[in-house]
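**Q** Input structure_39.txt, format and content: compact mmCIF, C-alpha atoms and all ligand atoms.
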```
# COMPACT_ATOMS: atom_id res chain seq x y z
CA MET A 1 -32.24 -92.51 -76.36
CA ILE A 2 -34.62 -89.58 -75.81
CA GLN A 3 -33.01 -86.29 -76.78
CA LYS A 4 -33.82 -82.69 -75.96
CA PRO A 5 -36.19 -80.94 -78.36
CA LYS A 6 -34.63 -79.09 -81.30
CA GLY A 7 -33.67 -75.52 -80.46
CA THR A 8 -33.37 -76.12 -76.70
CA TYR A 9 -30.33 -76.69 -74.49
CA ASP A 10 -29.39 -78.01 -71.05
CA VAL A 11 -27.61 -76.00 -68.39
CA TYR A 12 -24.98 -77.46 -66.06
CA GLY A 13 -21.42 -76.76 -64.92
CA GLU A 14 -19.83 -73.43 -65.93
CA LYS A 15 -22.88 -72.25 -67.85
CA GLY A 16 -25.01 -72.61 -64.72
CA LYS A 17 -22.59 -70.40 -62.80
CA GLN A 18 -22.60 -67.78 -65.57
CA ILE A 19 -26.39 -67.68 -65.65
CA LEU A 20 -26.61 -67.28 -61.88
CA TYR A 21 -24.07 -64.48 -62.11
CA ILE A 22 -26.16 -62.58 -64.69
CA GLU A 23 -29.34 -63.18 -62.67
CA LYS A 24 -27.69 -61.80 -59.56
CA LEU A 25 -26.29 -58.80 -61.37
CA PHE A 26 -29.59 -57.96 -63.07
CA LYS A 27 -31.54 -58.32 -59.80
CA CYS A 28 -29.09 -55.98 -58.12
CA LEU A 29 -29.33 -53.51 -61.01
CA MET A 30 -33.11 -53.58 -60.89
CA SER A 31 -33.19 -52.66 -57.23
CA LYS A 32 -30.82 -49.76 -57.98
CA TYR A 33 -33.20 -48.58 -60.73
CA ASN A 34 -36.21 -49.08 -58.44
CA TYR A 35 -38.08 -51.73 -60.48
CA GLU A 36 -40.39 -54.33 -58.89
CA TYR A 37 -40.18 -58.04 -59.64
CA PHE A 38 -43.09 -59.51 -61.66
CA LYS A 39 -43.73 -63.11 -62.61
CA THR A 40 -46.46 -64.09 -65.04
CA PRO A 41 -47.49 -67.49 -66.46
CA ILE A 42 -45.44 -69.21 -69.16
CA PHE A 43 -48.67 -69.89 -71.05
CA GLU A 44 -51.46 -67.43 -71.65
CA ALA A 45 -54.66 -67.28 -73.72
CA SER A 46 -53.56 -67.20 -77.40
CA GLU A 47 -55.65 -64.10 -77.94
CA LEU A 48 -53.33 -62.09 -75.70
CA PHE A 49 -50.47 -62.46 -78.16
CA HIS A 50 -52.66 -62.08 -81.25
CA ARG A 51 -53.97 -58.78 -79.96
CA GLY A 52 -50.83 -57.72 -78.13
CA VAL A 53 -47.81 -58.66 -80.24
CA GLY A 54 -49.90 -58.42 -83.43
CA GLU A 55 -51.26 -60.72 -86.13
CA THR A 56 -48.87 -59.36 -88.73
CA SER A 57 -45.68 -59.97 -86.76
CA ASP A 58 -43.63 -63.05 -87.74
CA ILE A 59 -43.68 -64.03 -84.09
CA VAL A 60 -47.45 -64.49 -84.00
CA SER A 61 -48.08 -65.47 -87.61
CA LYS A 62 -45.34 -68.12 -87.84
CA GLU A 63 -43.63 -68.84 -84.57
CA THR A 64 -45.96 -69.44 -81.65
CA TYR A 65 -46.33 -72.71 -79.78
CA ASP A 66 -50.11 -73.01 -79.72
CA PHE A 67 -52.10 -75.76 -78.06
CA LYS A 68 -55.56 -76.51 -76.87
CA ASP A 69 -55.76 -77.38 -73.18
CA ARG A 70 -58.01 -80.16 -71.93
CA GLY A 71 -60.83 -77.66 -71.52
CA ASP A 72 -60.58 -76.85 -75.26
CA ARG A 73 -59.13 -73.38 -74.63
CA ASN A 74 -56.60 -71.93 -77.09
CA MET A 75 -53.34 -71.42 -75.25
CA THR A 76 -49.90 -70.20 -76.33
CA LEU A 77 -46.47 -70.54 -74.74
CA ARG A 78 -45.34 -66.94 -74.33
CA PRO A 79 -43.09 -65.81 -77.19
CA GLU A 80 -42.09 -62.67 -75.25
CA GLY A 81 -42.73 -61.05 -71.90
CA THR A 82 -44.39 -57.69 -72.55
CA ALA A 83 -47.92 -58.88 -73.38
CA GLY A 84 -48.14 -60.97 -70.18
CA ILE A 85 -46.90 -58.11 -67.99
CA VAL A 86 -49.42 -55.74 -69.59
CA ARG A 87 -52.18 -58.29 -69.00
CA SER A 88 -51.16 -58.56 -65.37
CA TYR A 89 -50.97 -54.76 -65.02
CA ILE A 90 -54.54 -54.47 -66.33
CA GLU A 91 -56.00 -57.51 -64.57
CA ASN A 92 -54.60 -56.45 -61.19
CA LYS A 93 -55.69 -52.82 -61.77
CA LEU A 94 -52.20 -51.56 -61.02
CA TYR A 95 -53.08 -48.37 -62.88
CA GLY A 96 -55.49 -47.61 -60.03
CA ASN A 97 -53.20 -45.28 -58.12
CA GLY A 98 -52.43 -43.24 -61.24
CA GLY A 99 -48.72 -43.50 -60.54
CA LEU A 100 -45.78 -45.14 -62.20
CA THR A 101 -45.38 -48.93 -62.19
CA LYS A 102 -41.90 -50.16 -62.99
CA ALA A 103 -41.72 -53.92 -63.49
CA TRP A 104 -38.86 -56.31 -64.20
CA TYR A 105 -39.06 -59.99 -65.04
CA TYR A 106 -37.14 -62.88 -66.45
CA GLY A 107 -37.94 -66.29 -67.74
CA SER A 108 -38.15 -68.65 -70.66
CA MET A 109 -39.81 -67.63 -73.93
CA TYR A 110 -40.82 -69.85 -76.85
CA ARG A 111 -40.62 -69.19 -80.57
CA TYR A 112 -40.78 -71.83 -83.28
CA GLU A 113 -37.87 -70.36 -85.25
CA ARG A 114 -35.20 -72.04 -87.34
CA PRO A 115 -32.56 -72.79 -84.69
CA GLN A 116 -29.08 -71.40 -85.31
CA SER A 117 -26.33 -69.81 -83.30
CA GLY A 118 -27.98 -67.20 -81.03
CA ARG A 119 -31.48 -68.31 -81.97
CA PHE A 120 -33.31 -70.92 -79.93
CA ARG A 121 -36.84 -72.20 -79.67
CA GLU A 122 -36.70 -71.97 -75.90
CA PHE A 123 -34.65 -68.98 -74.76
CA ASN A 124 -34.54 -66.66 -71.78
CA GLN A 125 -35.28 -62.98 -71.59
CA PHE A 126 -34.66 -60.46 -68.86
CA GLY A 127 -36.91 -57.47 -69.36
CA VAL A 128 -38.45 -54.36 -67.87
CA GLU A 129 -41.70 -52.51 -68.51
CA ALA A 130 -42.64 -49.11 -67.09
CA PHE A 131 -46.24 -47.89 -67.16
CA GLY A 132 -47.89 -44.57 -66.52
CA SER A 133 -45.54 -41.94 -67.95
CA ASN A 134 -44.96 -40.55 -71.40
CA ASP A 135 -41.84 -38.71 -70.24
CA PRO A 136 -39.02 -39.14 -72.79
CA ALA A 137 -36.67 -39.26 -69.77
CA LEU A 138 -38.16 -42.66 -69.00
CA ASP A 139 -37.30 -43.85 -72.53
CA ALA A 140 -33.73 -42.73 -71.82
CA GLU A 141 -33.71 -44.60 -68.50
CA ILE A 142 -34.86 -47.79 -70.22
CA ILE A 143 -32.12 -47.48 -72.86
CA SER A 144 -29.57 -46.86 -70.13
CA ILE A 145 -30.34 -50.16 -68.38
CA PRO A 146 -28.74 -52.54 -70.91
CA VAL A 147 -25.94 -50.04 -71.51
CA THR A 148 -25.14 -50.03 -67.77
CA LEU A 149 -25.45 -53.79 -67.58
CA TYR A 150 -23.04 -54.33 -70.47
CA LYS A 151 -20.62 -51.80 -68.97
CA MET A 152 -20.70 -53.60 -65.62
CA LEU A 153 -19.92 -56.85 -67.39
CA GLY A 154 -17.02 -55.23 -69.27
CA LEU A 155 -18.57 -55.78 -72.70
CA LYS A 156 -17.04 -53.32 -75.15
CA GLY A 157 -18.31 -54.08 -78.63
CA ILE A 158 -21.82 -52.75 -78.39
CA LYS A 159 -23.76 -50.28 -80.53
CA VAL A 160 -26.96 -48.57 -79.50
CA ASN A 161 -29.33 -47.89 -82.41
CA ILE A 162 -32.40 -45.77 -81.79
CA ASN A 163 -35.29 -44.69 -83.95
CA THR A 164 -38.82 -43.41 -83.57
CA LEU A 165 -42.07 -44.60 -85.06
CA GLY A 166 -43.90 -41.50 -83.86
CA ASP A 167 -47.44 -41.39 -82.53
CA ASN A 168 -50.48 -42.80 -84.37
CA GLU A 169 -50.84 -39.82 -86.65
CA SER A 170 -47.16 -39.72 -87.66
CA ARG A 171 -47.09 -43.45 -88.11
CA ASN A 172 -50.14 -43.45 -90.37
CA ASN A 173 -48.71 -40.68 -92.52
CA TYR A 174 -45.46 -42.57 -92.79
CA ARG A 175 -47.25 -45.80 -93.59
CA ASN A 176 -49.06 -44.12 -96.47
CA ALA A 177 -45.80 -42.68 -97.78
CA LEU A 178 -44.22 -46.13 -97.69
CA ILE A 179 -47.13 -47.68 -99.54
CA GLU A 180 -46.88 -45.04 -102.25
CA HIS A 181 -43.13 -45.50 -102.51
CA PHE A 182 -43.10 -49.29 -102.70
CA ARG A 183 -46.27 -49.95 -104.72
CA PRO A 184 -44.66 -49.43 -108.16
CA HIS A 185 -41.75 -51.74 -107.15
CA LEU A 186 -43.66 -54.65 -105.69
CA ASP A 187 -42.34 -57.20 -108.18
CA GLU A 188 -38.74 -56.42 -107.14
CA LEU A 189 -39.44 -57.45 -103.55
CA CYS A 190 -39.10 -60.89 -101.92
CA GLU A 191 -42.20 -62.91 -101.10
CA ASP A 192 -42.05 -61.97 -97.41
CA CYS A 193 -41.90 -58.28 -98.30
CA LYS A 194 -44.86 -58.59 -100.66
CA ASN A 195 -46.78 -59.92 -97.69
CA ARG A 196 -45.48 -57.20 -95.39
CA PHE A 197 -46.51 -54.58 -97.92
CA GLU A 198 -50.10 -55.68 -97.48
CA LYS A 199 -50.08 -56.07 -93.72
CA ASN A 200 -47.42 -53.85 -92.19
CA PRO A 201 -45.30 -51.88 -94.70
CA LEU A 202 -43.03 -50.62 -91.89
CA ARG A 203 -41.57 -54.10 -91.64
CA LEU A 204 -40.25 -53.80 -95.21
CA LEU A 205 -37.49 -51.68 -93.76
CA ASP A 206 -35.91 -54.44 -91.73
CA CYS A 207 -35.86 -57.08 -94.47
CA LYS A 208 -32.40 -58.67 -94.54
CA GLN A 209 -32.90 -60.07 -98.06
CA ASP A 210 -33.96 -56.89 -99.85
CA LYS A 211 -31.91 -54.41 -97.85
CA ASP A 212 -29.51 -53.57 -100.71
CA LEU A 213 -32.20 -52.84 -103.30
CA GLU A 214 -32.29 -49.28 -104.62
CA VAL A 215 -35.96 -48.99 -103.70
CA MET A 216 -35.00 -49.70 -100.06
CA LYS A 217 -32.26 -47.11 -100.03
CA THR A 218 -34.56 -44.42 -101.42
CA ALA A 219 -37.47 -45.24 -99.09
CA PRO A 220 -38.98 -42.29 -97.22
CA LYS A 221 -37.63 -41.67 -93.70
CA ILE A 222 -39.91 -41.53 -90.68
CA ILE A 223 -38.12 -38.42 -89.43
CA ASP A 224 -39.78 -36.46 -92.28
CA TYR A 225 -43.27 -37.61 -91.27
CA LEU A 226 -43.22 -36.87 -87.54
CA ASN A 227 -45.69 -34.39 -86.19
CA GLU A 228 -44.48 -31.74 -83.78
CA GLU A 229 -45.17 -33.71 -80.60
CA SER A 230 -43.45 -36.86 -81.88
CA ARG A 231 -40.44 -34.90 -83.10
CA LYS A 232 -40.11 -33.18 -79.72
CA HIS A 233 -40.37 -36.50 -77.88
CA PHE A 234 -37.58 -38.01 -79.95
CA GLU A 235 -35.37 -34.94 -79.62
CA LEU A 236 -35.70 -35.03 -75.85
CA VAL A 237 -34.82 -38.73 -75.72
CA GLN A 238 -31.65 -37.90 -77.61
CA GLU A 239 -30.84 -34.97 -75.40
CA TYR A 240 -31.20 -37.09 -72.26
CA LEU A 241 -29.07 -39.88 -73.71
CA THR A 242 -26.37 -37.36 -74.55
CA GLN A 243 -26.51 -35.94 -71.03
CA MET A 244 -26.19 -39.49 -69.68
CA ASN A 245 -23.06 -40.01 -71.82
CA ILE A 246 -24.68 -42.85 -73.74
CA ASP A 247 -23.34 -43.26 -77.27
CA TYR A 248 -26.10 -43.95 -79.76
CA LYS A 249 -26.85 -43.72 -83.42
CA VAL A 250 -30.17 -42.77 -85.01
CA ASN A 251 -30.85 -45.66 -87.35
CA PRO A 252 -34.07 -45.45 -89.44
CA GLY A 253 -33.77 -49.20 -90.14
CA VAL A 254 -34.75 -50.08 -86.57
CA VAL A 255 -38.48 -50.80 -86.87
CA ARG A 256 -38.74 -53.84 -84.52
CA GLY A 257 -40.51 -57.10 -85.21
CA LEU A 258 -43.47 -56.61 -82.89
CA ASP A 259 -46.47 -54.48 -83.80
CA TYR A 260 -47.07 -52.61 -80.56
CA TYR A 261 -44.47 -49.85 -80.70
CA THR A 262 -45.02 -46.08 -80.87
CA HIS A 263 -42.40 -43.32 -80.54
CA THR A 264 -38.96 -44.51 -79.40
CA VAL A 265 -37.63 -47.91 -80.48
CA PHE A 266 -34.11 -49.18 -79.93
CA GLU A 267 -31.81 -52.14 -80.30
CA VAL A 268 -28.36 -52.80 -78.97
CA GLU A 269 -26.20 -54.86 -81.27
CA ALA A 270 -22.99 -56.73 -80.63
CA ASP A 271 -20.24 -55.29 -82.77
CA ILE A 272 -17.71 -58.04 -82.14
CA GLU A 273 -15.60 -59.67 -84.80
CA GLY A 274 -16.75 -63.14 -85.69
CA PHE A 275 -20.05 -62.76 -83.82
CA GLY A 276 -22.88 -64.52 -85.64
CA SER A 277 -25.68 -62.93 -87.61
CA GLN A 278 -28.01 -62.97 -84.59
CA ASN A 279 -26.23 -59.97 -83.15
CA VAL A 280 -29.12 -58.03 -81.63
CA LEU A 281 -28.49 -58.34 -77.91
CA CYS A 282 -31.61 -56.53 -76.82
CA GLY A 283 -34.48 -54.45 -78.08
CA GLY A 284 -37.41 -52.44 -76.88
CA GLY A 285 -39.27 -49.20 -77.04
CA ARG A 286 -42.40 -47.31 -76.18
CA TYR A 287 -45.89 -48.74 -76.64
CA ASN A 288 -48.43 -46.09 -75.75
CA ASN A 289 -51.45 -47.95 -77.19
CA LEU A 290 -50.86 -51.46 -75.91
CA VAL A 291 -52.52 -51.20 -72.50
CA GLU A 292 -55.67 -49.87 -74.16
CA THR A 293 -55.51 -52.44 -77.01
CA LEU A 294 -55.50 -55.17 -74.38
CA GLY A 295 -58.58 -53.80 -72.64
CA GLY A 296 -57.06 -51.42 -70.08
CA PRO A 297 -57.22 -47.66 -69.78
CA SER A 298 -55.13 -45.40 -71.97
CA VAL A 299 -51.81 -45.68 -70.13
CA PRO A 300 -48.44 -45.33 -71.87
CA GLY A 301 -45.71 -47.94 -71.50
CA VAL A 302 -42.08 -48.41 -72.39
CA GLY A 303 -39.68 -51.33 -71.93
CA PHE A 304 -37.03 -53.61 -73.33
CA ALA A 305 -35.78 -57.17 -73.08
CA PHE A 306 -32.46 -58.89 -73.61
CA GLY A 307 -31.77 -62.48 -74.49
CA LEU A 308 -29.61 -64.30 -71.97
CA GLU A 309 -28.11 -66.63 -74.58
CA ARG A 310 -26.91 -63.85 -76.87
CA LEU A 311 -25.42 -61.99 -73.94
CA LEU A 312 -23.48 -65.10 -72.88
CA ALA A 313 -22.30 -65.55 -76.47
CA ALA A 314 -21.12 -61.91 -76.60
CA LEU A 315 -19.23 -62.34 -73.32
CA GLU A 316 -17.62 -65.47 -74.68
CA ALA A 317 -16.69 -63.71 -77.94
CA GLU A 318 -14.96 -60.98 -75.93
CA LYS A 319 -13.35 -63.62 -73.69
CA ILE A 320 -14.91 -62.15 -70.57
CA ASN A 321 -14.99 -64.60 -67.66
CA LEU A 322 -17.71 -64.13 -65.13
CA GLU A 323 -15.88 -64.71 -61.86
CA ASP A 324 -18.34 -65.31 -59.09
CA GLU A 325 -16.46 -67.97 -57.23
CA GLU A 326 -17.97 -67.76 -53.80
CA GLN A 327 -15.62 -69.72 -51.61
CA ILE A 328 -17.49 -72.30 -49.56
CA ASP A 329 -16.94 -72.10 -45.81
CA PHE A 330 -16.30 -75.72 -44.95
CA TYR A 331 -15.89 -79.27 -46.14
CA ILE A 332 -16.39 -82.13 -43.68
CA ILE A 333 -14.39 -85.33 -43.93
CA PRO A 334 -15.62 -88.18 -41.73
CA VAL A 335 -12.75 -90.70 -41.49
CA ASP A 336 -15.15 -93.63 -41.97
CA GLU A 337 -18.83 -94.50 -42.00
CA THR A 338 -19.00 -95.13 -38.24
CA VAL A 339 -18.58 -91.38 -37.60
CA LYS A 340 -20.85 -90.22 -40.43
CA ALA A 341 -23.86 -89.54 -38.18
CA TYR A 342 -21.80 -87.15 -36.06
CA GLY A 343 -20.55 -85.54 -39.28
CA MET A 344 -24.17 -85.00 -40.39
CA ASN A 345 -24.86 -83.36 -37.04
CA VAL A 346 -21.94 -80.94 -37.54
CA LEU A 347 -23.04 -80.32 -41.15
CA ASN A 348 -26.54 -79.32 -40.14
CA LEU A 349 -25.33 -77.23 -37.21
CA LEU A 350 -23.13 -75.21 -39.56
CA ARG A 351 -25.76 -74.76 -42.23
CA ILE A 352 -28.50 -73.59 -39.90
CA ASN A 353 -26.04 -71.05 -38.55
CA GLY A 354 -25.52 -69.59 -42.01
CA PHE A 355 -22.30 -71.29 -43.11
CA ASN A 356 -22.18 -72.95 -46.50
CA GLY A 357 -20.37 -76.14 -47.27
CA ASP A 358 -20.57 -79.84 -47.78
CA ILE A 359 -19.63 -83.30 -46.48
CA ASP A 360 -18.15 -86.30 -48.24
CA TYR A 361 -21.09 -88.31 -49.61
CA LEU A 362 -18.89 -90.76 -51.51
CA ASN A 363 -17.29 -92.25 -48.38
CA ARG A 364 -13.85 -91.97 -49.88
CA SER A 365 -10.43 -92.27 -48.27
CA ILE A 366 -8.90 -89.26 -46.53
CA LYS A 367 -6.37 -89.00 -49.36
CA ALA A 368 -9.10 -88.88 -52.02
CA ASN A 369 -10.97 -86.36 -49.91
CA PHE A 370 -7.99 -84.03 -49.86
CA LYS A 371 -8.13 -84.02 -53.66
CA THR A 372 -11.75 -82.85 -53.34
CA VAL A 373 -10.54 -80.17 -50.94
CA ASP A 374 -8.08 -78.95 -53.58
CA ARG A 375 -10.93 -78.67 -56.06
CA LEU A 376 -13.51 -77.08 -53.76
CA ASN A 377 -11.07 -74.84 -51.90
CA PRO A 378 -13.17 -74.42 -48.72
CA LYS A 379 -12.13 -71.94 -46.04
CA TYR A 380 -12.08 -74.73 -43.43
CA ILE A 381 -11.67 -78.47 -43.49
CA ILE A 382 -13.40 -80.30 -40.66
CA ILE A 383 -12.19 -83.78 -39.85
CA ILE A 384 -14.30 -86.15 -37.82
CA GLY A 385 -12.71 -89.25 -36.26
CA GLU A 386 -13.42 -91.56 -33.33
CA ASP A 387 -11.90 -89.21 -30.77
CA GLU A 388 -14.03 -86.29 -32.00
CA VAL A 389 -17.21 -88.32 -31.66
CA LYS A 390 -16.32 -89.68 -28.24
CA ASN A 391 -15.41 -86.29 -26.77
CA LYS A 392 -17.89 -84.15 -28.74
CA LEU A 393 -15.13 -82.27 -30.55
CA VAL A 394 -14.31 -81.20 -34.08
CA THR A 395 -10.90 -80.89 -35.69
CA ILE A 396 -10.95 -77.81 -37.84
CA LYS A 397 -8.18 -76.77 -40.20
CA ASN A 398 -7.85 -73.34 -41.74
CA ASN A 399 -7.25 -74.10 -45.41
CA SER A 400 -5.11 -71.05 -46.05
CA THR A 401 -2.98 -70.78 -42.87
CA LYS A 402 -3.07 -74.60 -42.43
CA GLU A 403 -3.50 -74.00 -38.72
CA GLU A 404 -5.39 -76.88 -37.09
CA VAL A 405 -7.27 -76.84 -33.78
CA LYS A 406 -9.48 -79.23 -31.88
CA ILE A 407 -12.47 -77.54 -30.27
CA LYS A 408 -15.67 -78.52 -28.55
CA ILE A 409 -18.64 -78.81 -30.92
CA ASP A 410 -20.56 -76.38 -28.68
CA GLU A 411 -17.91 -73.76 -29.37
CA LEU A 412 -17.66 -74.29 -33.12
CA ILE A 413 -20.03 -71.52 -34.18
CA ASP A 414 -18.47 -68.96 -31.81
CA TYR A 415 -15.06 -69.98 -33.04
CA LEU A 416 -16.01 -69.45 -36.70
CA ASP A 417 -17.85 -66.19 -35.94
CA ASN A 418 -14.68 -64.82 -34.41
CA GLN A 419 -12.40 -65.63 -37.34
CA ASP A 420 -11.99 -63.03 -40.06
P1 LIG B 501 -37.52 -59.02 -79.18
O1 LIG B 501 -36.63 -58.11 -79.96
O2 LIG B 501 -38.41 -59.91 -79.93
O3 LIG B 501 -38.32 -58.05 -78.22
O4 LIG B 501 -36.62 -59.87 -78.21
C1 LIG B 501 -35.72 -59.27 -77.30
C2 LIG B 501 -34.42 -60.04 -77.26
O5 LIG B 501 -34.66 -61.42 -76.99
C3 LIG B 501 -33.68 -60.06 -78.58
O6 LIG B 501 -32.92 -58.89 -78.75
C4 LIG B 501 -32.78 -61.28 -78.40
O7 LIG B 501 -31.64 -60.97 -77.61
C5 LIG B 501 -33.67 -62.21 -77.61
N1 LIG B 501 -34.29 -63.20 -78.51
C6 LIG B 501 -35.41 -63.07 -79.25
N2 LIG B 501 -35.68 -64.21 -79.94
C7 LIG B 501 -34.71 -65.09 -79.60
C8 LIG B 501 -34.43 -66.45 -79.95
N3 LIG B 501 -35.23 -67.14 -80.76
N4 LIG B 501 -33.34 -67.05 -79.41
C9 LIG B 501 -32.54 -66.36 -78.57
N5 LIG B 501 -32.75 -65.09 -78.18
C10 LIG B 501 -33.82 -64.45 -78.68
C11 LIG B 501 -39.26 -58.48 -77.34
O8 LIG B 501 -39.44 -59.64 -77.06
C12 LIG B 501 -39.99 -57.37 -76.64
N6 LIG B 501 -40.97 -57.98 -75.71
C13 LIG B 501 -39.05 -56.45 -75.93
C14 LIG B 501 -39.74 -55.33 -75.23
C15 LIG B 501 -40.03 -55.24 -73.93
N7 LIG B 501 -40.26 -54.26 -75.82
C16 LIG B 501 -40.83 -53.50 -74.91
N8 LIG B 501 -40.70 -54.11 -73.75
```
Take the structure in this file and express it as structure tokens.
Ligand code: HAM
**A**
Amino acid sequence: MIQKPKGTYDVYGEKGKQILYIEKLFKCLMSKYNYEYFKTPIFEASELFHRGVGETSDIVSKETYDFKDRGDRNMTLRPEGTAGIVRSYIENKLYGNGGLTKAWYYGSMYRYERPQSGRFREFNQFGVEAFGSNDPALDAEIISIPVTLYKMLGLKGIKVNINTLGDNESRNNYRNALIEHFRPHLDELCEDCKNRFEKNPLRLLDCKQDKDLEVMKTAPKIIDYLNEESRKHFELVQEYLTQMNIDYKVNPGVVRGLDYYTHTVFEVEADIEGFGSQNVLCGGGRYNNLVETLGGPSVPGVGFAFGLERLLAALEAEKINLEDEEQIDFYIIPVDETVKAYGMNVLNLLRINGFNGDIDYLNRSIKANFKTVDRLNPKYIIIIGEDEVKNKLVTIKNNSTKEEVKIKIDELIDYLDNQD
């Protein structure tokens, strides 16, 4: 038997309903926040991610799904959404009007990681990116999006961790300080960290393996290396978050796994008992150099993304049920196959007039069909028999009052429109 690829999963039943619920909620939230929907390709030129996400990130150096297409071009399945949205922003010259572009997107992402609970090779992200403003208020807005979403869903165990990486100057100063600090202790570090030391010393700070080493605890803090402008930016972000009643903690360990960040970075983690080690529900931050790095003008950007799977796991861990049971309007029961065609006529009439429902496609007995009715719980049950066909009628039963009437098919829509 052919099985699904490792690190992927199928969606059906309850899970499908939960996903549609989150999609609906996020779409609704995005229109409230005034973001526009973007959709970019699932595969892009490999170079986009090499230049965008960064050669030194684990994502690009170890985890991409790369392939050559039949025209011998190097392609990569997107490991994240930001690089593609930035490419689209540049390619479509959306910076042209000099204003703000606020984009939201969702879709599948691909990373060749070791699958475990909360970590898949194909997973789904919902994300936003805002271009054209360096206002720290926009950083605060971005951080407020997942916080609002989690609040709307009733999720309680969440922690917002923020940090700053400063601008280029601050970051370089900090980088040098880290190099000086860690150089004499290189042989104490794990192999990965030795590598990071060479390529991107900032990443030493989020090593899970070495985090308890003394040399980690005494590492210099970015806060002490920020220039005036970067310090001001970060202070304002905090002030806005406080004004927005968003609880957060400044956590110098948040350095993010992608290379494009400047200034504010943040992660929201699930603080729920028994939740697995993959507890980062979402992450993001500012990336003021990325548009330029990818060939566009110097336009600042800021955004975040959350993983659908981890959110569903957090909801499950807090035993939150997503109730979006939209009651269907009708269920049609033709008494036998001779009246099916008339039933199909009624079915289509109802659907084109905006009612949702179904008909029995299994040609079962009336008794069996009433079991289906119990399961589907439609507002109306429509029964089609010989008399209905002959006299162009329908028998319609209100499933809650149990009231049953026979009416002319021509009057069916008016009848339903006038019910409450
Ligand atoms: P990221 O932290 O790599 O950031 O991913 C964001 C979220 O995607 C994570 O917090 C997690 O919930 C989910 N995620 C990542 N990898 C996996 C996986 N293998 N399985 C399941 N879920 C996963 C980014 O991707 C940035 N593009 C976010 C961003 C947008 N920054 C600025 N704008």
**Q** Skipping near chain neighbours, those fewer than 4 positions away, what residues fall within 10 Å of Asp192 in chain A using only C-alpha atoms, listed as a PyMOL selection string?
**A** chain A and resi 58+196-197+203-204+207+209-210
**Q** Print the selection's residues with C-alpha atoms to a file, as a compact mmCIF listing (two decimals), in the coordinates of the input.
**A**
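Result saved to again.txt:
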```txt
# COMPACT_ATOMS: atom_id res chain seq x y z
CA ASP A 58 -43.63 -63.05 -87.74
CA ARG A 196 -45.48 -57.20 -95.39
CA PHE A 197 -46.51 -54.58 -97.92
CA ARG A 203 -41.57 -54.10 -91.64
CA LEU A 204 -40.25 -53.80 -95.21
CA CYS A 207 -35.86 -57.08 -94.47
CA GLN A 209 -32.90 -60.07 -98.06
CA ASP A 210 -33.96 -56.89 -99.85
```
**Q** Would you mind listing what lies within 6 Å of Asn356 in chain A as a ChimeraX atom specification, with all atoms listed in the file counted and same-chain residues fewer than 2 positions away left out?
**A** /A:328-329,351
**Q** Tell me which protein, DNA and RNA residues are within 12 Å of range 358-375 of chain A, counting only C-alpha atoms, leaving out same-chain ones fewer than 5 positions away, and put them as a PyMOL selection string.
**A** chain A and resi 327-351+380-385+397-400
**Q** Which polymer residues, protein or nucleic acid, are no farther than 12 Å from (-45.2, -60.8, -90.3), counting all atoms listed in the file, as an mmCIF file with C-alpha atoms, in the frame of the given file?
**A**
```cif
data_model
loop_
_atom_site.group_PDB
_atom_site.id
_atom_site.type_symbol
_atom_site.label_atom_id
_atom_site.label_comp_id
_atom_site.auth_asym_id
_atom_site.auth_seq_id
_atom_site.Cartn_x
_atom_site.Cartn_y
_atom_site.Cartn_z
ATOM 1 C CA HIS A 50 -52.660 -62.080 -81.250
ATOM 2 C CA VAL A 53 -47.810 -58.660 -80.240
ATOM 3 C CA GLY A 54 -49.900 -58.420 -83.430
ATOM 4 C CA GLU A 55 -51.260 -60.720 -86.130
ATOM 5 C CA THR A 56 -48.870 -59.360 -88.730
ATOM 6 C CA SER A 57 -45.680 -59.970 -86.760
ATOM 7 C CA ASP A 58 -43.630 -63.050 -87.740
ATOM 8 C CA ILE A 59 -43.680 -64.030 -84.090
ATOM 9 C CA VAL A 60 -47.450 -64.490 -84.000
ATOM 10 C CA SER A 61 -48.080 -65.470 -87.610
ATOM 11 C CA LYS A 62 -45.340 -68.120 -87.840
ATOM 12 C CA GLU A 63 -43.630 -68.840 -84.570
ATOM 13 C CA GLU A 191 -42.200 -62.910 -101.100
ATOM 14 C CA ASP A 192 -42.050 -61.970 -97.410
ATOM 15 C CA CYS A 193 -41.900 -58.280 -98.300
ATOM 16 C CA LYS A 194 -44.860 -58.590 -100.660
ATOM 17 C CA ASN A 195 -46.780 -59.920 -97.690
ATOM 18 C CA ARG A 196 -45.480 -57.200 -95.390
ATOM 19 C CA PHE A 197 -46.510 -54.580 -97.920
ATOM 20 C CA GLU A 198 -50.100 -55.680 -97.480
ATOM 21 C CA LYS A 199 -50.080 -56.070 -93.720
ATOM 22 C CA ASN A 200 -47.420 -53.850 -92.190
ATOM 23 C CA PRO A 201 -45.300 -51.880 -94.700
ATOM 24 C CA LEU A 202 -43.030 -50.620 -91.890
ATOM 25 C CA ARG A 203 -41.570 -54.100 -91.640
ATOM 26 C CA LEU A 204 -40.250 -53.800 -95.210
ATOM 27 C CA ASP A 206 -35.910 -54.440 -91.730
ATOM 28 C CA CYS A 207 -35.860 -57.080 -94.470
ATOM 29 C CA ARG A 256 -38.740 -53.840 -84.520
ATOM 30 C CA GLY A 257 -40.510 -57.100 -85.210
ATOM 31 C CA LEU A 258 -43.470 -56.610 -82.890
ATOM 32 C CA ASP A 259 -46.470 -54.480 -83.800
#
```
